[in-house]
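Peer 1: TSV, C-alpha atoms, file input-v8.tsv:
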```
chain	number	residue	atom	x	y	z
P	1	MET	CA	52.90	-96.31	83.97
P	2	GLU	CA	55.33	-94.78	81.51
P	3	SER	CA	56.18	-95.04	77.84
P	4	GLY	CA	59.28	-93.81	76.09
P	5	LEU	CA	60.10	-92.39	72.68
P	6	THR	CA	63.77	-92.91	71.85
P	7	PHE	CA	65.72	-90.31	69.89
P	8	SER	CA	68.69	-90.54	67.60
P	9	ALA	CA	70.70	-87.50	66.56
P	10	ALA	CA	68.63	-87.43	63.36
P	11	ASP	CA	65.38	-87.47	65.34
P	12	LEU	CA	66.51	-84.49	67.40
P	13	ALA	CA	67.52	-82.67	64.23
P	14	GLN	CA	64.01	-83.24	62.82
P	15	THR	CA	62.15	-82.09	65.94
P	16	ARG	CA	60.11	-78.98	65.19
P	17	PHE	CA	57.15	-76.86	66.35
P	18	ALA	CA	53.88	-76.12	64.57
P	19	VAL	CA	50.66	-74.25	65.37
P	20	SER	CA	47.79	-76.41	64.11
P	21	PRO	CA	44.23	-75.09	63.67
P	22	MET	CA	42.90	-78.67	63.58
P	23	TRP	CA	44.40	-79.49	66.98
P	24	GLU	CA	42.46	-76.50	68.34
P	25	VAL	CA	39.31	-77.76	66.61
P	26	VAL	CA	39.40	-81.23	68.16
P	27	THR	CA	40.53	-80.14	71.62
P	28	SER	CA	38.08	-77.23	71.87
P	29	PHE	CA	35.15	-79.32	70.61
P	30	ARG	CA	35.92	-82.00	73.20
P	31	LEU	CA	36.05	-79.33	75.91
P	32	LEU	CA	32.63	-77.98	74.87
P	33	LYS	CA	31.21	-81.50	74.75
P	34	ASP	CA	31.99	-81.93	78.44
P	35	GLU	CA	29.10	-80.65	80.53
P	36	ALA	CA	31.49	-79.44	83.23
P	37	ASP	CA	32.34	-75.74	83.26
P	38	PRO	CA	35.88	-75.39	81.86
P	39	PRO	CA	37.84	-73.32	84.40
P	40	LEU	CA	40.28	-71.70	81.95
P	41	HIS	CA	37.77	-71.15	79.14
P	42	ARG	CA	34.55	-70.21	80.96
P	43	ARG	CA	33.98	-66.90	79.15
P	44	TRP	CA	34.62	-68.42	75.73
P	45	ALA	CA	32.45	-71.49	76.33
P	46	ALA	CA	29.53	-69.39	77.57
P	47	GLN	CA	29.52	-67.48	74.27
P	48	VAL	CA	30.13	-70.41	71.94
P	49	ARG	CA	27.90	-73.20	73.29
P	50	PRO	CA	24.60	-71.47	72.38
P	51	ARG	CA	25.83	-70.94	68.81
P	52	LEU	CA	26.69	-74.62	68.42
P	53	LEU	CA	23.29	-75.67	69.75
P	54	ARG	CA	21.51	-73.38	67.29
P	55	ALA	CA	23.60	-74.79	64.44
P	56	GLY	CA	22.94	-78.38	65.53
P	57	LEU	CA	26.63	-79.21	65.77
P	58	HIS	CA	26.09	-81.03	69.08
P	59	ARG	CA	24.63	-83.92	67.05
P	60	GLY	CA	26.72	-83.70	63.87
P	61	TRP	CA	29.81	-85.40	62.43
P	62	LEU	CA	32.23	-83.90	64.94
P	63	ALA	CA	30.05	-85.03	67.84
P	64	ALA	CA	30.26	-88.59	66.48
P	65	LEU	CA	34.01	-88.46	65.80
P	66	ILE	CA	35.16	-86.72	68.99
P	67	PRO	CA	34.23	-88.66	72.15
P	68	GLY	CA	34.27	-87.02	75.55
P	69	HIS	CA	37.42	-88.94	76.47
P	70	GLY	CA	39.71	-91.57	75.01
P	71	TYR	CA	41.02	-92.02	71.50
P	72	LEU	CA	40.68	-89.33	68.81
P	73	ALA	CA	40.63	-90.26	65.12
P	74	ASP	CA	44.16	-89.71	63.80
P	75	PHE	CA	43.00	-88.53	60.36
P	76	LEU	CA	41.58	-85.38	62.00
P	77	ASN	CA	45.11	-84.17	62.77
P	78	PRO	CA	47.21	-84.48	59.61
P	79	THR	CA	50.88	-83.60	59.87
P	80	PRO	CA	51.31	-79.83	59.25
P	81	ALA	CA	53.55	-79.04	56.30
P	82	GLY	CA	55.00	-75.95	57.98
P	83	PRO	CA	55.10	-74.14	61.31
P	84	PHE	CA	51.92	-72.09	60.83
P	85	PRO	CA	49.51	-73.97	58.51
P	86	GLN	CA	46.13	-72.47	57.63
P	87	LEU	CA	42.88	-74.34	58.20
P	88	PRO	CA	42.12	-74.83	54.45
P	89	ALA	CA	45.41	-76.68	54.00
P	90	GLU	CA	44.66	-78.99	56.91
P	91	LEU	CA	41.12	-79.63	55.65
P	92	ALA	CA	42.52	-80.52	52.24
P	93	ALA	CA	44.84	-83.03	53.94
P	94	ILE	CA	41.87	-84.55	55.79
P	95	ARG	CA	39.99	-84.96	52.50
P	96	ARG	CA	43.04	-86.78	51.11
P	97	SER	CA	42.98	-89.33	53.95
P	98	SER	CA	43.06	-92.85	52.59
P	99	PRO	CA	39.96	-95.01	53.10
P	100	GLU	CA	42.23	-97.50	54.90
P	101	GLN	CA	43.33	-94.85	57.41
P	102	VAL	CA	39.77	-93.67	58.05
P	103	ARG	CA	38.46	-97.21	58.54
P	104	SER	CA	41.36	-98.09	60.82
P	105	ASP	CA	40.66	-95.04	63.01
P	106	LEU	CA	36.93	-95.84	63.11
P	107	GLY	CA	37.79	-99.38	64.15
P	108	THR	CA	39.80	-98.04	67.08
P	109	LEU	CA	36.91	-95.77	68.07
P	110	ALA	CA	34.53	-98.76	67.92
P	111	LEU	CA	36.64	-100.58	70.52
P	112	LYS	CA	35.50	-98.01	73.09
P	113	SER	CA	31.83	-97.66	72.15
P	114	SER	CA	29.26	-98.79	69.61
P	115	PRO	CA	29.61	-96.85	66.34
P	116	SER	CA	26.89	-94.30	65.62
P	117	PRO	CA	24.90	-94.37	62.35
P	118	ARG	CA	27.03	-91.47	61.08
P	119	LEU	CA	30.27	-93.38	61.67
P	120	ARG	CA	28.88	-96.44	59.90
P	121	VAL	CA	28.16	-94.27	56.85
P	122	LEU	CA	31.67	-92.80	57.05
P	123	HIS	CA	33.09	-96.33	57.18
P	124	GLU	CA	31.15	-97.31	54.06
P	125	GLU	CA	31.81	-94.17	52.00
P	126	PRO	CA	34.85	-92.38	53.48
P	127	GLU	CA	35.78	-90.31	50.45
P	128	ALA	CA	32.27	-88.87	49.99
P	129	VAL	CA	31.56	-88.35	53.68
P	130	LEU	CA	34.89	-86.61	54.38
P	131	GLU	CA	33.56	-83.72	52.30
P	132	LYS	CA	30.65	-83.40	54.76
P	133	VAL	CA	32.99	-83.72	57.74
P	134	THR	CA	35.28	-80.93	56.54
P	135	ALA	CA	32.29	-78.73	55.66
P	136	GLU	CA	31.07	-79.11	59.25
P	137	ILE	CA	34.55	-78.31	60.55
P	138	GLU	CA	34.45	-75.06	58.57
P	139	THR	CA	31.11	-74.20	60.18
P	140	TYR	CA	32.46	-74.99	63.65
P	141	TRP	CA	35.54	-72.88	62.95
P	142	GLU	CA	33.47	-69.85	61.99
P	143	LEU	CA	31.25	-70.15	65.05
P	144	ALA	CA	33.73	-71.16	67.74
P	145	LEU	CA	37.29	-70.25	66.78
P	146	ALA	CA	37.60	-67.78	63.89
P	147	PRO	CA	36.28	-64.76	65.87
P	148	TYR	CA	38.84	-65.50	68.58
P	149	TRP	CA	41.71	-66.74	66.43
P	150	PRO	CA	43.85	-63.57	66.57
P	151	ARG	CA	43.90	-63.85	70.36
P	152	ILE	CA	44.42	-67.65	70.40
P	153	SER	CA	47.11	-67.69	67.72
P	154	GLN	CA	48.98	-64.88	69.46
P	155	VAL	CA	49.36	-67.10	72.55
P	156	LEU	CA	50.32	-70.17	70.49
P	157	GLU	CA	52.87	-68.33	68.37
P	158	ALA	CA	54.36	-66.68	71.46
P	159	ASP	CA	54.84	-70.14	72.95
P	160	VAL	CA	56.64	-71.37	69.83
P	161	PHE	CA	58.97	-68.37	69.74
P	162	HIS	CA	59.69	-68.66	73.46
P	163	ARG	CA	60.59	-72.35	73.24
P	164	ALA	CA	62.61	-71.84	70.06
P	165	ARG	CA	64.66	-69.27	71.94
P	166	GLN	CA	65.04	-71.73	74.82
P	167	VAL	CA	66.33	-74.37	72.41
P	168	ALA	CA	68.93	-71.91	71.14
P	169	GLU	CA	70.00	-70.91	74.67
P	170	HIS	CA	69.71	-74.17	76.61
P	171	GLY	CA	69.26	-77.02	74.11
P	172	SER	CA	66.43	-79.38	73.18
P	173	ALA	CA	66.64	-81.47	76.37
P	174	HIS	CA	65.85	-78.43	78.50
P	175	VAL	CA	62.76	-77.57	76.42
P	176	LEU	CA	61.46	-81.15	76.35
P	177	ASN	CA	61.77	-81.32	80.13
P	178	GLU	CA	59.62	-78.20	80.52
P	179	LEU	CA	56.73	-79.11	78.20
P	180	HIS	CA	54.51	-80.74	80.82
P	181	SER	CA	54.65	-82.37	84.23
P	182	SER	CA	54.04	-85.78	82.60
P	183	VAL	CA	56.92	-85.44	80.11
P	184	SER	CA	60.61	-85.77	80.89
P	185	TRP	CA	63.84	-86.26	78.95
P	186	ASP	CA	66.58	-88.62	80.04
P	187	ALA	CA	69.46	-90.32	78.21
P	188	GLY	CA	68.08	-89.92	74.70
P	189	THR	CA	64.50	-90.93	75.54
P	190	LEU	CA	61.37	-88.85	76.00
P	191	HIS	CA	59.47	-90.42	78.91
P	192	MET	CA	55.73	-89.85	79.23
P	193	VAL	CA	53.26	-90.81	81.94
P	194	ARG	CA	50.44	-92.62	80.21
P	195	ARG	CA	47.29	-94.49	81.08
P	196	GLN	CA	46.48	-96.31	77.88
P	197	CYS	CA	48.70	-96.80	74.84
P	198	SER	CA	52.46	-96.58	74.56
P	199	LEU	CA	54.35	-94.61	71.96
P	200	THR	CA	57.56	-95.99	70.49
P	201	ARG	CA	59.62	-95.58	67.34
P	202	ALA	CA	58.12	-98.84	66.11
P	203	GLU	CA	54.78	-97.12	65.55
P	204	ALA	CA	56.04	-93.65	64.60
P	205	GLY	CA	58.21	-91.96	62.01
P	206	SER	CA	61.41	-90.03	62.63
P	207	GLY	CA	61.62	-86.70	64.46
P	208	LEU	CA	58.94	-85.15	66.65
P	209	LEU	CA	56.32	-82.47	66.02
P	210	LEU	CA	55.54	-80.31	69.07
P	211	VAL	CA	52.16	-78.53	68.93
P	212	PRO	CA	51.18	-75.89	71.53
P	213	SER	CA	47.45	-75.88	72.27
P	214	ALA	CA	45.11	-73.49	74.05
P	215	PHE	CA	42.53	-76.19	74.80
P	216	ALA	CA	44.56	-79.33	75.55
P	217	TRP	CA	45.13	-78.40	79.22
P	218	PRO	CA	45.56	-80.22	81.55
P	219	ARG	CA	46.54	-83.08	79.25
P	220	VAL	CA	49.28	-83.92	76.79
P	221	LEU	CA	47.86	-85.50	73.62
P	222	THR	CA	49.64	-87.46	70.91
P	223	ARG	CA	49.25	-88.78	67.39
P	224	SER	CA	51.31	-91.64	65.99
P	225	VAL	CA	50.88	-92.72	62.37
P	226	ALA	CA	53.92	-94.22	60.65
P	227	PRO	CA	55.80	-93.12	58.61
P	228	GLU	CA	54.84	-89.59	59.72
P	229	PRO	CA	56.58	-88.01	62.72
P	230	PRO	CA	54.81	-88.41	66.07
P	231	GLN	CA	52.89	-85.37	67.24
P	232	LEU	CA	52.73	-84.16	70.83
P	233	ALA	CA	50.18	-81.46	71.67
P	234	TYR	CA	50.86	-79.73	74.98
P	235	PRO	CA	49.28	-76.82	76.92
P	236	ALA	CA	50.69	-73.51	75.71
P	237	ARG	CA	52.14	-70.92	78.06
P	238	GLY	CA	49.80	-68.03	78.89
P	239	ILE	CA	46.45	-69.77	78.50
P	240	GLY	CA	45.45	-68.72	82.01
P	241	THR	CA	45.07	-65.11	80.83
P	242	LEU	CA	43.74	-65.89	77.35
P	243	TRP	CA	40.21	-64.59	77.97
P	244	GLU	CA	40.96	-61.72	80.34
P	245	PRO	CA	39.69	-58.32	79.12
P	246	ARG	CA	42.42	-56.40	77.31
P	247	THR	CA	40.86	-52.96	76.96
P	248	THR	CA	42.60	-50.30	79.06
P	249	LYS	CA	42.70	-46.55	79.49
P	250	ALA	CA	44.90	-46.45	76.41
P	251	SER	CA	41.57	-46.17	74.55
P	252	ASP	CA	41.48	-42.45	75.45
P	253	ALA	CA	44.59	-41.85	73.36
P	254	VAL	CA	43.22	-44.01	70.54
P	255	ALA	CA	39.97	-42.00	70.54
P	256	ALA	CA	41.92	-38.87	69.70
P	257	VAL	CA	42.94	-40.56	66.44
P	258	LEU	CA	40.03	-42.81	65.49
P	259	GLY	CA	37.17	-40.90	67.10
P	260	ARG	CA	35.17	-41.87	70.18
P	261	SER	CA	32.50	-43.93	68.40
P	262	ARG	CA	34.96	-46.20	66.62
P	263	THR	CA	37.11	-46.52	69.73
P	264	LEU	CA	33.99	-47.40	71.74
P	265	LEU	CA	33.17	-50.15	69.24
P	266	LEU	CA	36.70	-51.55	69.47
P	267	ALA	CA	36.45	-51.56	73.26
P	268	GLU	CA	33.12	-53.44	73.08
P	269	LEU	CA	34.72	-56.03	70.80
P	270	ASP	CA	36.82	-57.43	73.61
P	271	THR	CA	34.41	-60.31	72.92
P	272	PRO	CA	33.03	-60.84	69.38
P	273	ALA	CA	29.60	-59.33	68.78
P	274	SER	CA	27.08	-58.66	66.01
P	275	THR	CA	25.99	-55.27	64.69
P	276	THR	CA	22.73	-55.52	66.63
P	277	GLN	CA	24.52	-56.36	69.89
P	278	LEU	CA	26.98	-53.50	69.41
P	279	ALA	CA	24.17	-51.03	68.73
P	280	LEU	CA	22.38	-52.18	71.90
P	281	HIS	CA	25.50	-51.92	74.08
P	282	THR	CA	26.83	-48.60	72.74
P	283	GLY	CA	23.64	-46.65	72.08
P	284	LEU	CA	24.68	-46.03	68.48
P	285	SER	CA	22.24	-46.71	65.65
P	286	ALA	CA	22.62	-49.97	63.73
P	287	ALA	CA	23.40	-47.96	60.58
P	288	ALA	CA	26.14	-46.01	62.34
P	289	VAL	CA	27.63	-49.18	63.79
P	290	SER	CA	27.65	-50.80	60.35
P	291	GLN	CA	29.35	-47.77	58.81
P	292	HIS	CA	32.02	-47.61	61.50
P	293	LEU	CA	32.67	-51.36	61.32
P	294	THR	CA	33.21	-51.13	57.57
P	295	ALA	CA	35.85	-48.46	58.11
P	296	LEU	CA	37.51	-50.44	60.92
P	297	ARG	CA	37.53	-53.59	58.82
P	298	ASP	CA	39.08	-51.74	55.87
P	299	ALA	CA	41.78	-50.50	58.26
P	300	GLY	CA	42.52	-54.04	59.44
P	301	LEU	CA	41.25	-53.42	62.97
P	302	VAL	CA	38.26	-55.80	62.94
P	303	THR	CA	37.27	-58.98	61.11
P	304	GLY	CA	33.81	-60.36	60.31
P	305	HIS	CA	32.76	-64.01	60.71
P	306	ARG	CA	29.46	-65.53	59.57
P	307	ALA	CA	27.44	-67.06	62.45
P	308	GLY	CA	24.12	-68.30	61.10
P	309	ARG	CA	22.10	-65.32	59.90
P	310	SER	CA	24.32	-62.72	61.53
P	311	VAL	CA	27.97	-61.69	61.35
P	312	LEU	CA	30.20	-61.64	64.41
P	313	TYR	CA	32.85	-58.93	64.46
P	314	ALA	CA	36.12	-59.35	66.35
P	315	ARG	CA	39.14	-57.17	67.07
P	316	THR	CA	42.36	-58.03	65.31
P	317	ALA	CA	45.75	-58.31	67.00
P	318	ILE	CA	46.55	-54.84	65.66
P	319	ALA	CA	43.52	-53.39	67.46
P	320	ASP	CA	44.44	-55.24	70.65
P	321	ALA	CA	47.88	-53.67	70.50
P	322	LEU	CA	46.38	-50.21	70.05
P	323	LEU	CA	44.23	-50.60	73.14
P	324	THR	CA	46.88	-52.18	75.35
P	325	PRO	CA	49.82	-50.22	76.84
P	326	ALA	CA	53.30	-51.54	76.17
P	327	GLY	CA	54.05	-54.49	78.44
P	328	ALA	CA	50.44	-55.11	79.44
P	329	GLY	CA	50.07	-57.98	77.00
P	330	ASP	CA	52.88	-60.09	78.44
P	331	LEU	CA	51.47	-63.49	79.32
P	332	PRO	CA	52.73	-65.49	82.31
P	333	SER	CA	53.26	-69.22	82.11
P	334	VAL	CA	50.47	-71.50	83.33
P	335	GLU	CA	51.63	-74.90	84.52
P	336	PRO	CA	49.17	-77.82	84.46
P	337	ALA	CA	47.93	-78.72	87.92
P	338	VAL	CA	47.54	-82.46	87.32
P	339	PRO	CA	49.54	-85.04	85.33
P	340	GLY	CA	48.49	-85.29	81.70
P	341	GLN	CA	46.94	-88.30	80.07
P	342	PHE	CA	48.89	-89.72	77.17
P	343	ARG	CA	47.73	-91.00	73.80
P	344	ARG	CA	45.24	-88.33	72.61
P	345	THR	CA	42.97	-88.72	75.63
```
Could you spell out this file's structure in structure tokens?
Peer 2:
Amino acid sequence: MESGLTFSAADLAQTRFAVSPMWEVVTSFRLLKDEADPPLHRRWAAQVRPRLLRAGLHRGWLAALIPGHGYLADFLNPTPAGPFPQLPAELAAIRRSSPEQVRSDLGTLALKSSPSPRLRVLHEEPEAVLEKVTAEIETYWELALAPYWPRISQVLEADVFHRARQVAEHGSAHVLNELHSSVSWDAGTLHMVRRQCSLTRAEAGSGLLLVPSAFAWPRVLTRSVAPEPPQLAYPARGIGTLWEPRTTKASDAVAAVLGRSRTLLLAELDTPASTTQLALHTGLSAAAVSQHLTALRDAGLVTGHRAGRSVLYARTAIADALLTPAGAGDLPSVEPAVPGQFRRT
């Protein structure tokens, strides 16, 4: 079955791209909720799942709001104000969600399954409970996404810049045709293979917001809340190499500048780690590791993210560039292997 979103000249003129932290929150949480081993994100999931279990997030607000499949509450993905919104801005927009919108979304969720006690409380007191929901999202972000965000955002931003260049060279129709195997453009209409709900201008505002995602694969997901523009989240190019190790022999040249201990720590931070883990893996004392990390953080080469009682350190994009020879970071396109499911499923 197919649905179609018609476009006027004004709609095409208002079509834009945005990188949304909240889209990565909902899609990544759904991926982790699935007991199956995610083929593209195996390394990431293996590190993150134990943290979520220790924090109890597997039975929190997000677990109630994000089912394993089917509809996702629209208020969790507010329309980004610009191309690269920050998480605090999106959380503020969630807290501003009207009680009517929240209750409408919960009603749609209830059509698929019986509401949990948490969702009943959210239905009764949406304004108060949204504060708890966004606080839990912040916790999830720090545990699951913030340590990896430089790497994830690099892929998402590269996708936006690539497609923006394609628009300039070949036009919007060409780009819309290449988003996903379930999406095609023909005679002023965006056609989408779908299994559940249709998407038309009658239920959406003008324009179109295109959102690349690292965790949506293999699906295309949508949001439609009038009078806001419809959103279409699609798998970003390059996600197949997202978690591949990036440390290379370029570290020898870096060591001549930073010193071998600090370069060794940067190499170990190909995956985020705590001070204790780094000391164990490198043979350096915990005090030495802490001292070196402070210097690397001051230089903008690492970032720290609270994870329970410890702090996880991660390399920044600048450090990745230092450790990667020119050209080694180019990411090939990864095309979805199966048709995507439409309507945020």
Peer 1: Pick from P:Phe7, P:Trp44, P:Trp23, P:Trp61: nearest to Pro245 in chain P, with only C-alpha atoms counted?
Peer 2: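 Closest residue, counting only C-alpha atoms: P:Trp44.
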Peer 1: Determine, counting all atoms listed in the file, which protein, DNA and RNA residues have an atom within 8 Å of an atom of range 68-80 of chain P; residues of the same chain fewer than 2 positions away are not included. Present the result as a compact mmCIF listing (two decimals) with C-alpha atoms, in the frame of the given file.
Peer 2:
```
# COMPACT_ATOMS: atom_id res chain seq x y z
CA ALA P 18 53.88 -76.12 64.57
CA SER P 20 47.79 -76.41 64.11
CA MET P 22 42.90 -78.67 63.58
CA TRP P 23 44.40 -79.49 66.98
CA VAL P 26 39.40 -81.23 68.16
CA ARG P 30 35.92 -82.00 73.20
CA LEU P 31 36.05 -79.33 75.91
CA LYS P 33 31.21 -81.50 74.75
CA ASP P 34 31.99 -81.93 78.44
CA LEU P 65 34.01 -88.46 65.80
CA ILE P 66 35.16 -86.72 68.99
CA GLY P 82 55.00 -75.95 57.98
CA PRO P 83 55.10 -74.14 61.31
CA PHE P 84 51.92 -72.09 60.83
CA PRO P 85 49.51 -73.97 58.51
CA GLU P 90 44.66 -78.99 56.91
CA ALA P 93 44.84 -83.03 53.94
CA ILE P 94 41.87 -84.55 55.79
CA SER P 97 42.98 -89.33 53.95
CA GLN P 101 43.33 -94.85 57.41
CA VAL P 102 39.77 -93.67 58.05
CA ASP P 105 40.66 -95.04 63.01
CA LEU P 106 36.93 -95.84 63.11
CA THR P 108 39.80 -98.04 67.08
CA LEU P 109 36.91 -95.77 68.07
CA LYS P 112 35.50 -98.01 73.09
CA ARG P 223 49.25 -88.78 67.39
CA SER P 224 51.31 -91.64 65.99
CA VAL P 225 50.88 -92.72 62.37
CA GLU P 228 54.84 -89.59 59.72
CA PRO P 229 56.58 -88.01 62.72
CA GLN P 231 52.89 -85.37 67.24
CA ARG P 343 47.73 -91.00 73.80
CA ARG P 344 45.24 -88.33 72.61
CA THR P 345 42.97 -88.72 75.63
```
Peer 1: Rank nothing, just name the residue among P:Leu323, P:Ala158, P:Leu265, P:Ala317 nearest to Gln277 in chain P, using all atoms listed in the file.
Peer 2: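 Counting all atoms listed in the file, the residue closest to Gln277 in chain P is P:Leu265.
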Peer 1: Would you write out, as JSON lines, a table of all residues in range 1-34 of chain P that have an atom no more than 10 Å from an atom of range 165-179 of chain P, listing for each the closest atom pair and the distance in Å to one decimal, considering all atoms listed in the file and ordering rows by chain and rising residue number?
Peer 2:
```
{"residue": "P:Leu12", "atom": "CA", "partner": "P:Ser172", "partner_atom": "CA", "distance": 7.7}
{"residue": "P:Ala13", "atom": "CA", "partner": "P:Ser172", "partner_atom": "CA", "distance": 9.6}
{"residue": "P:Thr15", "atom": "CA", "partner": "P:Ser172", "partner_atom": "CA", "distance": 8.8}
```
Peer 1: Using all atoms listed in the file, can you tell me which of P:Ala236, P:Arg262, P:Glu268, P:Lys132 comes closest to Pro218 in chain P?
Peer 2: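 Once distances to Pro218 in chain P are computed over all atoms listed in the file, the minimum belongs to P:Ala236.
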Peer 1: What does the structure give for the distance between CA of Arg237 in chain P and CA of Asp159 in chain P, in Å to one decimal?
Peer 2: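 Value for the CA of Arg237 in chain P-CA of Asp159 in chain P distance: 5.8 Å.
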Peer 1: As an exercise, work out the distance from CA of Ala46 in chain P to CA of Pro272 in chain P in Å and give it to one decimal place.
Peer 2: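 Here the two named atoms are 12.3 Å from each other.
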Peer 1: Compile the contact shell of Leu57 in chain P as a list in words: residues with an atom at most 9 Å away, counting only C-alpha atoms, same-chain residues fewer than 5 positions apart removed.
Peer 2: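 With the cut-off at 9 Å, the set is Arg51, Leu52, Leu62, Ala63, Glu136, Thr139 and Tyr140 of chain P.
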Peer 1: Taking (42.0, -77.7, 77.2) in the file's coordinates as the center, which residues reach within 12 Å of it, counting all atoms listed in the file, put as a PyMOL selection string?
Peer 2: chain P and resi 23-34+37-42+44-45+212-221+233-236+239-240+242+336+340+345
Peer 1: So that I have them on file, write out the residues from the current selection with C-alpha atoms, as a CSV table (one decimal), in the frame of the given file.
Peer 2:
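Just written: part-v3.csv:
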```csv
chain,number,residue,atom,x,y,z
P,23,TRP,CA,44.4,-79.5,67.0
P,24,GLU,CA,42.5,-76.5,68.3
P,25,VAL,CA,39.3,-77.8,66.6
P,26,VAL,CA,39.4,-81.2,68.2
P,27,THR,CA,40.5,-80.1,71.6
P,28,SER,CA,38.1,-77.2,71.9
P,29,PHE,CA,35.2,-79.3,70.6
P,30,ARG,CA,35.9,-82.0,73.2
P,31,LEU,CA,36.0,-79.3,75.9
P,32,LEU,CA,32.6,-78.0,74.9
P,33,LYS,CA,31.2,-81.5,74.8
P,34,ASP,CA,32.0,-81.9,78.4
P,37,ASP,CA,32.3,-75.7,83.3
P,38,PRO,CA,35.9,-75.4,81.9
P,39,PRO,CA,37.8,-73.3,84.4
P,40,LEU,CA,40.3,-71.7,82.0
P,41,HIS,CA,37.8,-71.2,79.1
P,42,ARG,CA,34.6,-70.2,81.0
P,44,TRP,CA,34.6,-68.4,75.7
P,45,ALA,CA,32.4,-71.5,76.3
P,212,PRO,CA,51.2,-75.9,71.5
P,213,SER,CA,47.4,-75.9,72.3
P,214,ALA,CA,45.1,-73.5,74.0
P,215,PHE,CA,42.5,-76.2,74.8
P,216,ALA,CA,44.6,-79.3,75.6
P,217,TRP,CA,45.1,-78.4,79.2
P,218,PRO,CA,45.6,-80.2,81.6
P,219,ARG,CA,46.5,-83.1,79.2
P,220,VAL,CA,49.3,-83.9,76.8
P,221,LEU,CA,47.9,-85.5,73.6
P,233,ALA,CA,50.2,-81.5,71.7
P,234,TYR,CA,50.9,-79.7,75.0
P,235,PRO,CA,49.3,-76.8,76.9
P,236,ALA,CA,50.7,-73.5,75.7
P,239,ILE,CA,46.4,-69.8,78.5
P,240,GLY,CA,45.4,-68.7,82.0
P,242,LEU,CA,43.7,-65.9,77.4
P,336,PRO,CA,49.2,-77.8,84.5
P,340,GLY,CA,48.5,-85.3,81.7
P,345,THR,CA,43.0,-88.7,75.6
```
Peer 1: Could you please determine the separation between CA of Leu87 in chain P and CA of Leu145 in chain P in Å, to one decimal place?
Peer 2: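 CA of Leu145 in chain P lies at a distance of 11.0 Å from CA of Leu87 in chain P.
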Peer 1: Pick out the residues sitting within 8 Å of Leu266 in chain P, and hand them over as a list in words; count all atoms listed in the file, and ignore anything fewer than 2 positions along from it in its own chain.
Peer 2: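 Result of the neighbour search: Arg262, Thr263, Leu264, Glu268, Leu269, Asp270, Val302, Arg315 and Ala319 of chain P.
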Peer 1: Counting only C-alpha atoms, figure out which residue out of P:Gly283, P:Gly300, P:Gly207, P:Gly107 gets nearest to Leu119 in chain P.
Peer 2: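 Comparing P:Gly283, P:Gly300, P:Gly207, P:Gly107 against Leu119 in chain P, the winner is P:Gly107.
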Peer 1: Between P:Ala321, P:Ala81, P:Leu296, P:Ile137, which has the minimum distance to Gly259 in chain P (counting all atoms listed in the file)?
Peer 2: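 The closest residue to Gly259 in chain P is P:Leu296.
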Peer 1: Between P:Pro126, P:Pro88, P:Pro50, P:Gly304, which one has atoms that come closest to Glu100 in chain P, using only C-alpha atoms?
Peer 2: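 For Glu100 in chain P, the nearest of the given residues is P:Pro126.
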